[in-house]
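See below for model_0.txt, which holds compact mmCIF, C-alpha atoms and all ligand atoms.
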```
# COMPACT_ATOMS: atom_id res chain seq x y z
CA MET X 1 121.18 121.82 124.85
CA THR X 2 118.33 123.46 123.04
CA ALA X 3 115.78 125.38 125.08
CA TYR X 4 112.14 124.71 124.34
CA PRO X 5 109.29 127.20 124.45
CA ALA X 6 106.98 126.46 127.35
CA SER X 7 103.89 127.33 125.36
CA PRO X 8 103.09 127.32 121.67
CA PRO X 9 104.16 130.40 119.78
CA SER X 10 101.10 132.61 119.64
CA ILE X 11 99.53 133.51 116.33
CA PRO X 12 101.38 136.58 115.15
CA ALA X 13 99.35 139.76 115.38
CA SER X 14 100.89 141.27 112.29
CA ALA X 15 98.87 141.34 109.10
CA PRO X 16 99.12 138.20 107.03
CA THR X 17 100.84 138.16 103.72
CA ARG X 18 98.91 139.34 100.72
CA VAL X 19 99.72 137.35 97.66
CA SER X 20 99.14 139.47 94.63
CA GLY X 21 98.13 138.34 91.21
CA SER X 22 95.04 138.65 89.10
CA THR X 23 93.02 137.59 92.14
CA SER X 24 94.63 138.57 95.38
CA PHE X 25 94.04 136.52 98.50
CA MET X 26 95.29 136.29 102.04
CA VAL X 27 97.51 133.53 103.32
CA THR X 28 96.45 132.59 106.83
CA CYS X 29 98.78 129.68 107.46
CA PHE X 30 101.19 127.28 105.83
CA ILE X 31 100.72 123.57 106.29
CA ALA X 32 104.01 122.02 105.28
CA ASP X 33 105.45 118.55 105.47
CA GLY X 34 107.51 118.78 108.64
CA ILE X 35 110.51 117.31 106.90
CA LEU X 36 110.75 120.46 104.76
CA GLY X 37 112.56 122.81 107.10
CA PHE X 38 112.75 125.57 104.51
CA ALA X 39 109.04 126.21 105.08
CA LEU X 40 110.01 127.79 108.41
CA ASP X 41 112.65 129.92 106.72
CA ALA X 42 110.29 130.93 103.92
CA ALA X 43 107.60 131.97 106.39
CA ALA X 44 109.98 133.78 108.74
CA GLY X 45 109.20 137.48 108.87
CA THR X 46 105.91 137.16 106.98
CA GLY X 47 103.87 136.71 110.14
CA VAL X 48 102.20 133.63 108.67
CA PRO X 49 102.22 130.68 111.07
CA VAL X 50 103.58 127.36 109.86
CA MET X 51 101.94 124.09 110.81
CA PHE X 52 104.05 121.01 110.37
CA PHE X 53 102.40 117.83 109.18
CA ARG X 54 104.55 114.75 109.73
CA THR X 55 103.56 111.63 107.83
CA VAL X 56 105.26 109.24 110.26
CA SER X 57 103.98 107.73 113.51
CA ALA X 58 104.35 109.58 116.80
CA CYS X 59 106.73 106.87 118.03
CA ALA X 60 109.00 107.29 115.01
CA PHE X 61 108.84 111.09 115.26
CA TRP X 62 109.78 110.89 118.93
CA ALA X 63 112.70 108.55 118.19
CA TYR X 64 113.97 111.04 115.56
CA PHE X 65 113.49 113.87 118.01
CA CYS X 66 115.55 112.16 120.74
CA ILE X 67 118.59 111.52 118.52
CA PRO X 68 120.56 114.51 119.90
CA ASP X 69 119.94 113.14 123.41
CA LEU X 70 121.23 109.75 122.30
CA ILE X 71 124.38 111.41 121.00
CA ASN X 72 124.82 113.19 124.36
CA SER X 73 124.30 109.98 126.29
CA GLY X 74 126.85 108.12 124.17
CA ASP X 75 124.29 105.69 122.72
CA LEU X 76 125.11 107.07 119.26
CA PRO X 77 127.17 106.30 117.31
CA PHE X 78 126.89 102.60 118.16
CA GLN X 79 130.00 101.12 119.77
CA GLY X 80 130.46 97.58 118.55
CA THR X 81 128.14 95.64 116.31
CA ASN X 82 125.51 94.19 118.65
CA LEU X 83 122.19 95.54 117.39
CA ASP X 84 120.32 93.88 120.27
CA GLU X 85 121.90 96.23 122.81
CA ARG X 86 119.20 98.09 124.76
CA ILE X 87 118.56 101.81 124.33
CA VAL X 88 117.21 103.30 127.55
CA ASN X 89 117.47 107.00 126.76
CA VAL X 90 114.34 107.48 124.67
CA LYS X 91 111.66 108.37 127.21
CA GLY X 92 108.64 106.12 127.02
CA MET X 93 110.58 103.36 125.23
CA GLU X 94 113.03 102.39 127.99
CA GLY X 95 111.64 98.92 128.49
CA PHE X 96 111.78 97.53 124.97
CA LEU X 97 113.86 99.61 122.55
CA ARG X 98 116.97 98.03 121.01
CA ARG X 99 119.52 99.56 118.67
CA ARG X 100 117.92 97.76 115.74
CA ASP X 101 114.58 99.47 116.52
CA LEU X 102 115.94 102.99 116.10
CA PRO X 103 115.31 104.71 112.75
CA SER X 104 117.55 102.90 110.26
CA PHE X 105 119.80 105.85 109.53
CA CYS X 106 121.05 105.70 113.14
CA ARG X 107 123.17 102.83 111.85
CA SER X 108 124.92 105.10 109.35
CA GLY X 109 127.32 107.13 111.50
CA LEU X 110 126.96 110.71 112.66
CA SER X 111 128.57 112.34 109.62
CA ASN X 112 125.93 110.97 107.23
CA THR X 113 124.04 113.97 105.82
CA THR X 114 120.65 112.19 105.60
CA PHE X 115 120.99 111.38 109.28
CA GLN X 116 121.95 114.98 110.11
CA GLU X 117 119.24 116.59 108.01
CA VAL X 118 116.43 114.49 109.47
CA THR X 119 117.77 115.00 112.98
CA ASN X 120 118.17 118.74 112.55
CA ILE X 121 114.82 119.43 110.98
CA THR X 122 112.97 117.27 113.48
CA ARG X 123 114.54 119.20 116.31
CA ARG X 124 113.17 122.43 114.78
CA THR X 125 109.56 121.22 115.06
CA PRO X 126 108.92 123.29 118.22
CA ASP X 127 109.52 126.41 116.07
CA ALA X 128 106.36 125.62 114.12
CA HIS X 129 103.01 126.88 115.35
CA ALA X 130 101.57 123.38 115.52
CA LEU X 131 102.27 119.75 114.76
CA ILE X 132 99.73 117.63 112.90
CA LEU X 133 100.09 113.85 113.16
CA ASN X 134 98.34 111.00 111.37
CA THR X 135 97.74 108.93 114.49
CA PHE X 136 95.22 108.65 117.32
CA GLU X 137 95.38 109.02 121.07
CA ASP X 138 94.43 105.47 122.03
CA LEU X 139 97.30 104.16 119.90
CA GLU X 140 100.11 106.51 120.86
CA GLY X 141 98.91 108.50 123.87
CA PRO X 142 101.92 107.84 126.13
CA ILE X 143 104.42 108.84 123.41
CA LEU X 144 102.32 111.89 122.47
CA SER X 145 102.55 113.17 126.04
CA HIS X 146 106.36 113.12 125.75
CA ILE X 147 106.23 115.03 122.45
CA GLN X 148 103.77 117.48 123.94
CA LYS X 149 106.39 118.70 126.42
CA HIS X 150 108.27 120.13 123.43
CA CYS X 151 105.46 120.73 120.96
CA PRO X 152 102.39 121.64 123.04
CA ASN X 153 100.11 122.32 120.10
CA ILE X 154 99.51 118.88 118.56
CA TYR X 155 96.58 117.81 116.43
CA THR X 156 96.31 114.02 116.15
CA ILE X 157 93.81 113.46 113.37
CA GLY X 158 94.49 109.91 112.17
CA PRO X 159 93.88 107.42 110.76
CA LEU X 160 93.40 109.95 107.97
CA HIS X 161 92.12 107.48 105.42
CA ALA X 162 89.29 106.42 107.74
CA HIS X 163 87.58 109.83 108.06
CA LEU X 164 85.54 109.73 104.87
CA LYS X 165 83.93 106.41 105.76
CA ALA X 166 83.32 107.51 109.34
CA ARG X 167 81.67 110.73 108.20
CA SER X 168 79.67 108.86 105.55
CA ILE X 169 81.19 110.97 102.83
CA SER X 170 81.46 108.73 99.83
CA LYS X 171 84.86 108.50 98.28
CA SER X 172 85.29 110.03 94.88
CA THR X 173 85.79 107.48 92.15
CA SER X 174 89.38 108.56 91.72
CA SER X 175 91.69 106.44 93.81
CA ASN X 176 94.74 107.84 95.58
CA SER X 177 96.65 104.73 94.62
CA LEU X 178 100.13 105.33 93.28
CA PHE X 179 99.98 102.54 90.71
CA GLN X 180 97.46 100.78 88.51
CA GLU X 181 95.57 98.39 90.78
CA ASP X 182 94.94 94.79 89.75
CA ARG X 183 91.48 93.97 91.09
CA THR X 184 91.47 90.34 89.94
CA CYS X 185 92.87 89.40 93.35
CA ILE X 186 89.52 90.22 94.99
CA GLY X 187 87.88 87.39 93.04
CA TRP X 188 90.72 85.12 94.13
CA LEU X 189 90.20 86.15 97.77
CA ASP X 190 86.46 85.38 97.43
CA GLN X 191 87.36 81.72 96.99
CA HIS X 192 89.14 81.46 100.33
CA ALA X 193 88.03 80.72 103.88
CA PRO X 194 87.79 83.53 106.43
CA LYS X 195 91.15 84.71 107.80
CA SER X 196 93.10 82.09 105.89
CA VAL X 197 95.14 84.22 103.46
CA LEU X 198 98.42 86.02 104.11
CA TYR X 199 98.57 89.34 102.26
CA VAL X 200 102.15 90.33 101.38
CA SER X 201 103.18 93.81 100.27
CA PHE X 202 106.32 95.83 100.85
CA GLY X 203 104.77 99.13 99.83
CA SER X 204 105.56 101.48 97.01
CA ILE X 205 109.32 102.06 97.15
CA ALA X 206 111.22 99.33 98.99
CA THR X 207 113.23 96.92 96.91
CA LEU X 208 114.38 93.37 97.64
CA THR X 209 117.50 91.60 96.48
CA ARG X 210 116.94 88.45 94.47
CA ASP X 211 118.23 86.37 97.42
CA GLN X 212 115.73 87.97 99.79
CA LEU X 213 112.92 87.37 97.30
CA ILE X 214 113.82 83.67 97.14
CA GLU X 215 113.98 83.35 100.93
CA PHE X 216 110.56 84.97 101.29
CA TRP X 217 109.18 82.78 98.54
CA HIS X 218 110.31 79.52 100.15
CA GLY X 219 109.15 80.72 103.56
CA LEU X 220 105.70 81.60 102.25
CA VAL X 221 105.26 78.35 100.36
CA ASN X 222 106.54 76.29 103.30
CA SER X 223 104.13 78.00 105.70
CA GLU X 224 101.39 76.34 103.63
CA LYS X 225 99.14 79.39 103.88
CA PRO X 226 97.48 80.78 100.77
CA PHE X 227 99.19 84.06 99.93
CA LEU X 228 98.39 87.17 97.92
CA TRP X 229 101.68 88.84 97.07
CA VAL X 230 102.21 92.28 95.57
CA ILE X 231 105.29 92.02 93.38
CA ARG X 232 105.77 95.46 91.89
CA GLU X 233 107.57 95.53 88.57
CA ASP X 234 110.55 97.14 90.31
CA LEU X 235 110.41 95.21 93.61
CA VAL X 236 113.51 93.23 92.70
CA SER X 237 116.07 95.02 90.60
CA SER X 238 117.24 92.03 88.54
CA LEU X 239 113.89 90.39 87.92
CA ASP X 240 112.59 89.54 84.49
CA ASP X 241 109.66 87.35 83.48
CA GLU X 242 111.84 84.32 82.89
CA ASN X 243 113.20 84.08 86.40
CA LYS X 244 110.17 85.47 88.19
CA VAL X 245 108.72 82.32 89.73
CA PRO X 246 111.48 80.01 90.98
CA SER X 247 110.89 76.76 89.06
CA GLU X 248 110.99 74.55 92.16
CA LEU X 249 108.17 76.64 93.66
CA GLU X 250 106.02 76.93 90.56
CA LYS X 251 103.58 74.17 91.49
CA ASP X 252 102.96 75.37 95.07
CA THR X 253 102.71 78.98 93.95
CA LYS X 254 100.07 78.04 91.40
CA GLU X 255 98.15 76.12 94.04
CA ARG X 256 98.26 78.61 96.86
CA GLY X 257 99.54 81.92 95.58
CA CYS X 258 98.15 84.92 93.77
CA LEU X 259 100.72 87.40 92.46
CA VAL X 260 99.75 90.92 91.38
CA GLY X 261 101.68 94.01 90.35
CA TRP X 262 99.69 96.23 92.72
CA ALA X 263 96.61 95.59 94.83
CA PRO X 264 93.66 97.71 95.99
CA GLN X 265 95.09 97.50 99.50
CA GLU X 266 92.17 98.86 101.52
CA ASP X 267 89.76 96.45 99.80
CA VAL X 268 92.16 93.57 100.35
CA LEU X 269 92.58 94.35 104.06
CA THR X 270 88.80 94.66 104.46
CA HIS X 271 88.25 91.27 102.83
CA SER X 272 87.17 88.53 105.24
CA ALA X 273 89.61 86.01 103.72
CA VAL X 274 92.68 87.97 104.84
CA GLY X 275 94.15 86.67 108.09
CA ALA X 276 97.44 88.55 108.33
CA PHE X 277 99.56 91.16 106.55
CA LEU X 278 103.27 90.70 105.89
CA THR X 279 104.23 94.36 105.69
CA HIS X 280 107.19 96.75 105.61
CA ASN X 281 105.32 98.79 108.25
CA GLY X 282 105.28 102.03 106.34
CA TRP X 283 102.94 104.21 108.35
CA ASN X 284 100.04 104.15 105.86
CA SER X 285 100.12 100.36 105.61
CA THR X 286 100.39 100.02 109.37
CA LEU X 287 97.37 102.26 109.94
CA GLU X 288 95.36 100.54 107.21
CA SER X 289 96.06 97.18 108.84
CA ILE X 290 95.12 98.54 112.26
CA VAL X 291 91.81 99.98 111.06
CA GLU X 292 90.82 96.66 109.46
CA GLY X 293 91.97 94.64 112.47
CA VAL X 294 94.49 92.55 110.54
CA PRO X 295 97.45 91.14 112.55
CA MET X 296 100.89 91.84 111.12
CA VAL X 297 104.15 90.13 110.30
CA SER X 298 106.69 92.94 110.10
CA TRP X 299 109.67 93.21 107.84
CA PRO X 300 110.74 96.88 107.93
CA PHE X 301 113.12 98.36 105.38
CA PHE X 302 114.14 101.81 106.55
CA ALA X 303 113.59 105.04 108.49
CA ASP X 304 110.41 105.10 110.61
CA GLN X 305 109.60 101.47 109.77
CA GLN X 306 112.10 100.17 112.35
CA PRO X 307 110.41 101.82 115.36
CA ASN X 308 106.93 101.12 113.90
CA SER X 309 107.54 97.38 113.73
CA ARG X 310 108.91 97.32 117.28
CA PHE X 311 105.70 98.97 118.48
CA VAL X 312 103.61 96.47 116.51
CA GLU X 313 105.17 93.60 118.46
CA ALA X 314 106.22 94.97 121.85
CA VAL X 315 103.63 97.66 122.59
CA TRP X 316 100.48 97.09 120.56
CA LYS X 317 100.81 93.27 120.44
CA LEU X 318 99.42 93.27 116.92
CA GLY X 319 101.91 90.84 115.43
CA LEU X 320 105.56 89.82 115.28
CA ASP X 321 108.60 91.69 114.03
CA MET X 322 111.21 89.80 112.03
CA LYS X 323 113.38 92.79 111.18
CA ASP X 324 116.88 92.20 109.88
CA THR X 325 116.40 88.48 109.34
CA CYS X 326 115.38 87.17 105.97
CA ASP X 327 115.67 83.44 106.11
CA ARG X 328 113.12 80.96 104.76
CA ARG X 329 112.90 79.06 108.07
CA ILE X 330 112.22 82.22 110.04
CA VAL X 331 109.65 83.48 107.52
CA GLU X 332 107.83 80.14 107.78
CA LYS X 333 108.03 80.05 111.57
CA ILE X 334 106.81 83.61 112.13
CA VAL X 335 103.96 83.29 109.62
CA LYS X 336 102.78 80.12 111.39
CA GLU X 337 103.20 81.77 114.77
CA VAL X 338 100.91 84.67 113.78
CA MET X 339 98.39 82.68 111.69
CA GLU X 340 98.22 79.43 113.71
CA VAL X 341 99.95 79.17 117.07
CA ARG X 342 98.99 82.57 118.47
CA LYS X 343 96.21 83.33 116.00
CA GLU X 344 93.46 84.02 118.56
CA GLU X 345 95.64 86.24 120.69
CA PHE X 346 96.67 88.46 117.77
CA GLU X 347 93.19 88.55 116.31
CA GLU X 348 91.80 89.65 119.64
CA SER X 349 94.22 92.55 120.09
CA ALA X 350 93.83 93.55 116.44
CA ARG X 351 90.06 93.58 116.86
CA ARG X 352 90.32 95.72 119.98
CA MET X 353 92.64 98.26 118.34
CA ALA X 354 90.51 98.41 115.17
CA LYS X 355 87.52 99.34 117.31
CA LEU X 356 89.47 102.15 118.99
CA ALA X 357 90.75 103.38 115.61
CA LYS X 358 87.24 103.55 114.18
CA GLU X 359 85.91 105.25 117.30
CA SER X 360 88.63 107.89 117.14
CA VAL X 361 87.40 109.15 113.74
CA SER X 362 83.71 108.77 114.59
CA SER X 363 81.56 111.53 116.03
CA GLY X 364 82.92 112.45 119.49
CA GLY X 365 86.18 110.51 119.00
CA SER X 366 89.55 112.16 119.64
CA SER X 367 90.68 112.45 116.01
CA TYR X 368 87.21 113.55 114.92
CA ARG X 369 87.28 116.37 117.46
CA ASN X 370 90.89 117.26 116.68
CA LEU X 371 90.17 117.58 112.96
CA ASP X 372 87.26 119.89 113.72
CA ARG X 373 89.45 121.85 116.14
CA LEU X 374 92.16 122.17 113.48
CA ILE X 375 89.64 123.52 110.97
CA GLU X 376 88.21 125.94 113.57
CA ASP X 377 91.68 127.14 114.55
CA ILE X 378 92.59 127.84 110.94
CA LYS X 379 89.30 129.71 110.48
CA LYS X 380 90.11 131.76 113.58
CA MET X 381 93.46 132.68 112.11
CA SER X 382 91.78 134.02 109.01
CA THR X 383 89.23 136.09 110.93
CA GLN X 384 91.97 137.42 113.20
CA SER X 385 93.77 138.64 110.15
CA ASN X 386 90.83 140.63 108.73
C1 LIG R 1 123.49 107.83 104.70
O1 LIG R 1 122.43 107.11 105.25
C2 LIG R 1 121.44 106.74 104.30
C3 LIG R 1 120.27 106.15 105.06
O2 LIG R 1 120.67 105.19 105.99
C4 LIG R 1 122.06 105.79 103.29
O3 LIG R 1 121.10 105.43 102.32
C5 LIG R 1 123.23 106.48 102.63
O4 LIG R 1 123.89 105.56 101.77
C6 LIG R 1 124.23 107.00 103.66
N1 LIG R 1 125.22 107.82 102.99
C7 LIG R 1 126.52 107.60 103.12
C8 LIG R 1 127.41 108.55 102.39
O5 LIG R 1 126.96 106.68 103.78
C1 LIG R 2 122.97 119.68 111.75
O1 LIG R 2 123.18 120.44 112.93
C2 LIG R 2 124.52 120.35 113.43
C3 LIG R 2 124.56 121.06 114.80
O2 LIG R 2 123.95 122.33 114.72
C4 LIG R 2 125.48 120.97 112.40
O3 LIG R 2 126.80 120.88 112.87
C5 LIG R 2 125.34 120.19 111.10
O4 LIG R 2 126.12 120.79 110.10
C6 LIG R 2 123.88 120.16 110.64
N1 LIG R 2 123.82 119.25 109.49
C7 LIG R 2 123.11 119.49 108.38
C8 LIG R 2 123.22 118.48 107.28
O5 LIG R 2 122.39 120.46 108.26
C1 LIG R 3 99.23 107.61 102.40
O1 LIG R 3 97.85 107.87 102.63
C2 LIG R 3 97.40 109.15 102.24
C3 LIG R 3 95.92 109.27 102.57
O2 LIG R 3 95.65 108.95 103.88
C4 LIG R 3 97.65 109.35 100.75
O3 LIG R 3 97.28 110.66 100.39
C5 LIG R 3 99.13 109.11 100.43
O4 LIG R 3 99.33 109.18 99.04
C6 LIG R 3 99.56 107.74 100.91
N1 LIG R 3 101.00 107.57 100.71
C7 LIG R 3 101.49 106.52 100.10
C8 LIG R 3 102.99 106.47 99.99
O5 LIG R 3 100.80 105.64 99.64
```
Could you show the structure in this file as structure tokens?
Amino acid sequence: MTAYPASPPSIPASAPTRVSGSTSFMVTCFIADGILGFALDAAAGTGVPVMFFRTVSACAFWAYFCIPDLINSGDLPFQGTNLDERIVNVKGMEGFLRRRDLPSFCRSGLSNTTFQEVTNITRRTPDAHALILNTFEDLEGPILSHIQKHCPNIYTIGPLHAHLKARSISKSTSSNSLFQEDRTCIGWLDQHAPKSVLYVSFGSIATLTRDQLIEFWHGLVNSEKPFLWVIREDLVSSLDDENKVPSELEKDTKERGCLVGWAPQEDVLTHSAVGAFLTHNGWNSTLESIVEGVPMVSWPFFADQQPNSRFVEAVWKLGLDMKDTCDRRIVEKIVKEVMEVRKEEFEESARRMAKLAKESVSSGGSSYRNLDRLIEDIKKMSTQSN
């Protein structure tokens, strides 16, 4: 087994790298996406510390990190096909983790190169000087303390998107949205009662099959909730305008639905009419939902989304996870469960977590202090190198 350093690697005393050019400047540290292992190799021997920023949740990172342990314990590769089998060898997740909640590529077999690359690079994280995570202590504290045993120098500075508001720095007019946003849906939301609308978006890259689309569509219509649905042009591979709205659902969709190509998600989640978010549980979407206190219905596609959605249901109690099942009856049932039957319960826990999220990025909060500490530590590195 790998040995782990007991303390963070100290900042190298050697002079930092001088990058020459017309204006020469000193490099004090690299901040690299932690999935790009070559950053460690590129920095090796230069004396410049590397900080890894991982864009996933701490719980997903920790599940990735424990994969070699799961291979040792015989949990991986899966024997047999029962995805409900419990996984008890990821510390901190013993009580609730099932095979289906592990990162999706755990289903692929050990020889799969995507699986190996993610596993290998994640296990090299302790070689970096520090780990930066877009999460906050009140959300993932127990998991962070497990990670800390291997990576002592962690900066949790999330939810990243909430800092500007918390520090009263107005956002620039340029949006960081990946696609052209259709703002007409805000006017549509204005016409609806508080917490009555289901917002549906599967993020920027996931794709559905036509059959899945139809199952979701029936489920949404049958739940009888108004719905705002982001149907990206490329959400379904074989979709053209003619077969977009299933004819038998046209009337109900017109009555209760609003379909857009892309939505201004933060503004939608802030809107009082939105009562729940049917989401793929990508980490940005999950955090945006948490900050706005919107309960979730989870339908994860891949990678970190599987552990995220398990945490939404089993740990944070912010909604229900319907992973791996796409059936109109289940969609209807789960939507009603979150928006009717257990509405108050989910709203209450979502409200509580939203408060903690906002406090974490406000003056004195953990992420607020960690961001300042990160900036100070980088400044120290540059003065040390003069
Ligand atoms: C490896 O796993 C990834 C992610 O699960 C999958 O997309 C890919 O098809 C797999 N590759 C092979 C060769 O099976
Ligand atoms: C991952 O690490 C294992 C063990 O060191 C090695 O056998 C394997 O080739 C590596 N895979 C990739 C894709 O780098
Ligand atoms: C996630 O959010 C960050 C800002 O917090 C943004 O820079 C990034 O583009 C977002 N990623 C996606 C896939 O939307």
Contacts of Ile71 in chain X at 12 Å or less, counting only C-alpha atoms, minus same-chain residues fewer than 2 places along, as a PDB file with C-alpha atoms, in the coordinates of the input?
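Once written, part_13.pdb looks like this:
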```
ATOM      1  CA  MET X   1     121.180 121.820 124.850  1.00  0.00           C
ATOM      2  CA  TYR X  64     113.970 111.040 115.560  1.00  0.00           C
ATOM      3  CA  PHE X  65     113.490 113.870 118.010  1.00  0.00           C
ATOM      4  CA  CYS X  66     115.550 112.160 120.740  1.00  0.00           C
ATOM      5  CA  ILE X  67     118.590 111.520 118.520  1.00  0.00           C
ATOM      6  CA  PRO X  68     120.560 114.510 119.900  1.00  0.00           C
ATOM      7  CA  ASP X  69     119.940 113.140 123.410  1.00  0.00           C
ATOM      8  CA  SER X  73     124.300 109.980 126.290  1.00  0.00           C
ATOM      9  CA  GLY X  74     126.850 108.120 124.170  1.00  0.00           C
ATOM     10  CA  ASP X  75     124.290 105.690 122.720  1.00  0.00           C
ATOM     11  CA  LEU X  76     125.110 107.070 119.260  1.00  0.00           C
ATOM     12  CA  PRO X  77     127.170 106.300 117.310  1.00  0.00           C
ATOM     13  CA  PHE X  78     126.890 102.600 118.160  1.00  0.00           C
ATOM     14  CA  GLN X  79     130.000 101.120 119.770  1.00  0.00           C
ATOM     15  CA  ILE X  87     118.560 101.810 124.330  1.00  0.00           C
ATOM     16  CA  ASN X  89     117.470 107.000 126.760  1.00  0.00           C
ATOM     17  CA  VAL X  90     114.340 107.480 124.670  1.00  0.00           C
ATOM     18  CA  CYS X 106     121.050 105.700 113.140  1.00  0.00           C
ATOM     19  CA  GLY X 109     127.320 107.130 111.500  1.00  0.00           C
ATOM     20  CA  LEU X 110     126.960 110.710 112.660  1.00  0.00           C
ATOM     21  CA  GLN X 116     121.950 114.980 110.110  1.00  0.00           C
ATOM     22  CA  THR X 119     117.770 115.000 112.980  1.00  0.00           C
TER      23      THR X 119
END
```
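For ligand LIG 3 (chain R), the protein and nucleic acid residues at most 10 Å away, judged by only C-alpha atoms and all ligand atoms, amount to Thr55, Asn134, Gly158, Pro159, Leu160, His161, Ala162, His163, Ser175, Asn176, Ser177, Leu178, Phe179, Gly203, Ser204, Ile205, Gln265, Gly282, Trp283, Asn284, Ser285, Leu287 and Glu288 of chain X.
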Around ligand LIG 2 (chain R), which protein and nucleic acid residues have at least one atom no more than 10 Å from it, if we count only C-alpha atoms and all ligand atoms? List them as a PyMOL selection string.
chain X and resi 68+110-121+123
Keeping C-alpha atoms, export the residues of the selection given above as an mmCIF file, keeping the file's coordinate frame.
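New file again_31.cif:
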```
data_model
loop_
_atom_site.group_PDB
_atom_site.id
_atom_site.type_symbol
_atom_site.label_atom_id
_atom_site.label_comp_id
_atom_site.auth_asym_id
_atom_site.auth_seq_id
_atom_site.Cartn_x
_atom_site.Cartn_y
_atom_site.Cartn_z
ATOM 1 C CA PRO X 68 120.560 114.510 119.900
ATOM 2 C CA LEU X 110 126.960 110.710 112.660
ATOM 3 C CA SER X 111 128.570 112.340 109.620
ATOM 4 C CA ASN X 112 125.930 110.970 107.230
ATOM 5 C CA THR X 113 124.040 113.970 105.820
ATOM 6 C CA THR X 114 120.650 112.190 105.600
ATOM 7 C CA PHE X 115 120.990 111.380 109.280
ATOM 8 C CA GLN X 116 121.950 114.980 110.110
ATOM 9 C CA GLU X 117 119.240 116.590 108.010
ATOM 10 C CA VAL X 118 116.430 114.490 109.470
ATOM 11 C CA THR X 119 117.770 115.000 112.980
ATOM 12 C CA ASN X 120 118.170 118.740 112.550
ATOM 13 C CA ILE X 121 114.820 119.430 110.980
ATOM 14 C CA ARG X 123 114.540 119.200 116.310
#
```
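Using all atoms listed in the file, the smallest distance between any of X:Phe61, X:Ala303, X:Glu340, X:Thr28 and ligand LIG 1 (chain R) comes from X:Ala303.
Atom to atom, CA of Asp377 in chain X and CA of Val27 in chain X stand 14.2 Å apart.
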Just want the 12 Å neighbourhood of Trp299 in chain X, counted on all atoms listed in the file, with same-chain residues fewer than 2 positions away dropped. Output as a count of residues only.
41
Could you put an axis-aligned box around every listed atom of range 43-60 of chain X, padded by 8 Å on each side, and send me its centre and edge lengths in Å to one decimal, as AutoDock Vina command-line options?
```
--center_x 106.0 --center_y 122.2 --center_z 112.2 --size_x 24.0 --size_y 46.6 --size_z 27.6
```
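Considering only C-alpha atoms and all ligand atoms, the residue among X:Pro126, X:Gly293, X:Pro103, X:Pro194 positioned nearest to ligand LIG 1 (chain R) is X:Pro103.
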Could you give me, as a PyMOL selection string, the residues that sit within 9 Å of (99.9, 121.7, 112.7) in the file's coordinates, counting only C-alpha atoms?
chain X and resi 30-32+50-54+128-133+153-155+374
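Close contacts of Gly257 in chain X, defined as residues with an atom at most 12 Å away when counting all atoms listed in the file, with chain neighbours fewer than 6 positions off set aside, comprise Cys185, Trp188, Leu189, His192, Val197, Leu198, Tyr199, Val200, Trp217, His218, Leu220, Val221, Asn222, Ser223, Glu224, Lys225, Pro226, Phe227, Leu228, Trp229, Val230, Ile231, Val245, Leu249, Glu250 and Lys251 of chain X.
From CA of Leu318 in chain X back to CA of Lys343 in chain X, the distance works out to 10.5 Å.
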Compile the contact shell of Val294 in chain X as number ranges by chain: residues with an atom at most 9 Å away, counting all atoms listed in the file, same-chain residues fewer than 2 positions apart removed.
X: 195, 269-270, 274-277, 288-292, 296, 318, 346-347, 350-351, 354
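The spacing separating CA of Ser363 in chain X from CA of Glu140 in chain X amounts to 19.8 Å.
Residues near the point (106.4, 108.1, 129.9), at a distance of 6 Å or less over all atoms listed in the file, make up Lys91, Gly92 and Pro142 of chain X.
Residue nearest Phe311 in chain X, chosen from X:Thr156, X:Ser298, X:Met339, X:Leu164 and counting only C-alpha atoms: X:Ser298.
Considering all atoms listed in the file, the residue among X:Glu215, X:Asp304, X:Glu137, X:Asp41 positioned nearest to ligand LIG 1 (chain R) is X:Asp304.
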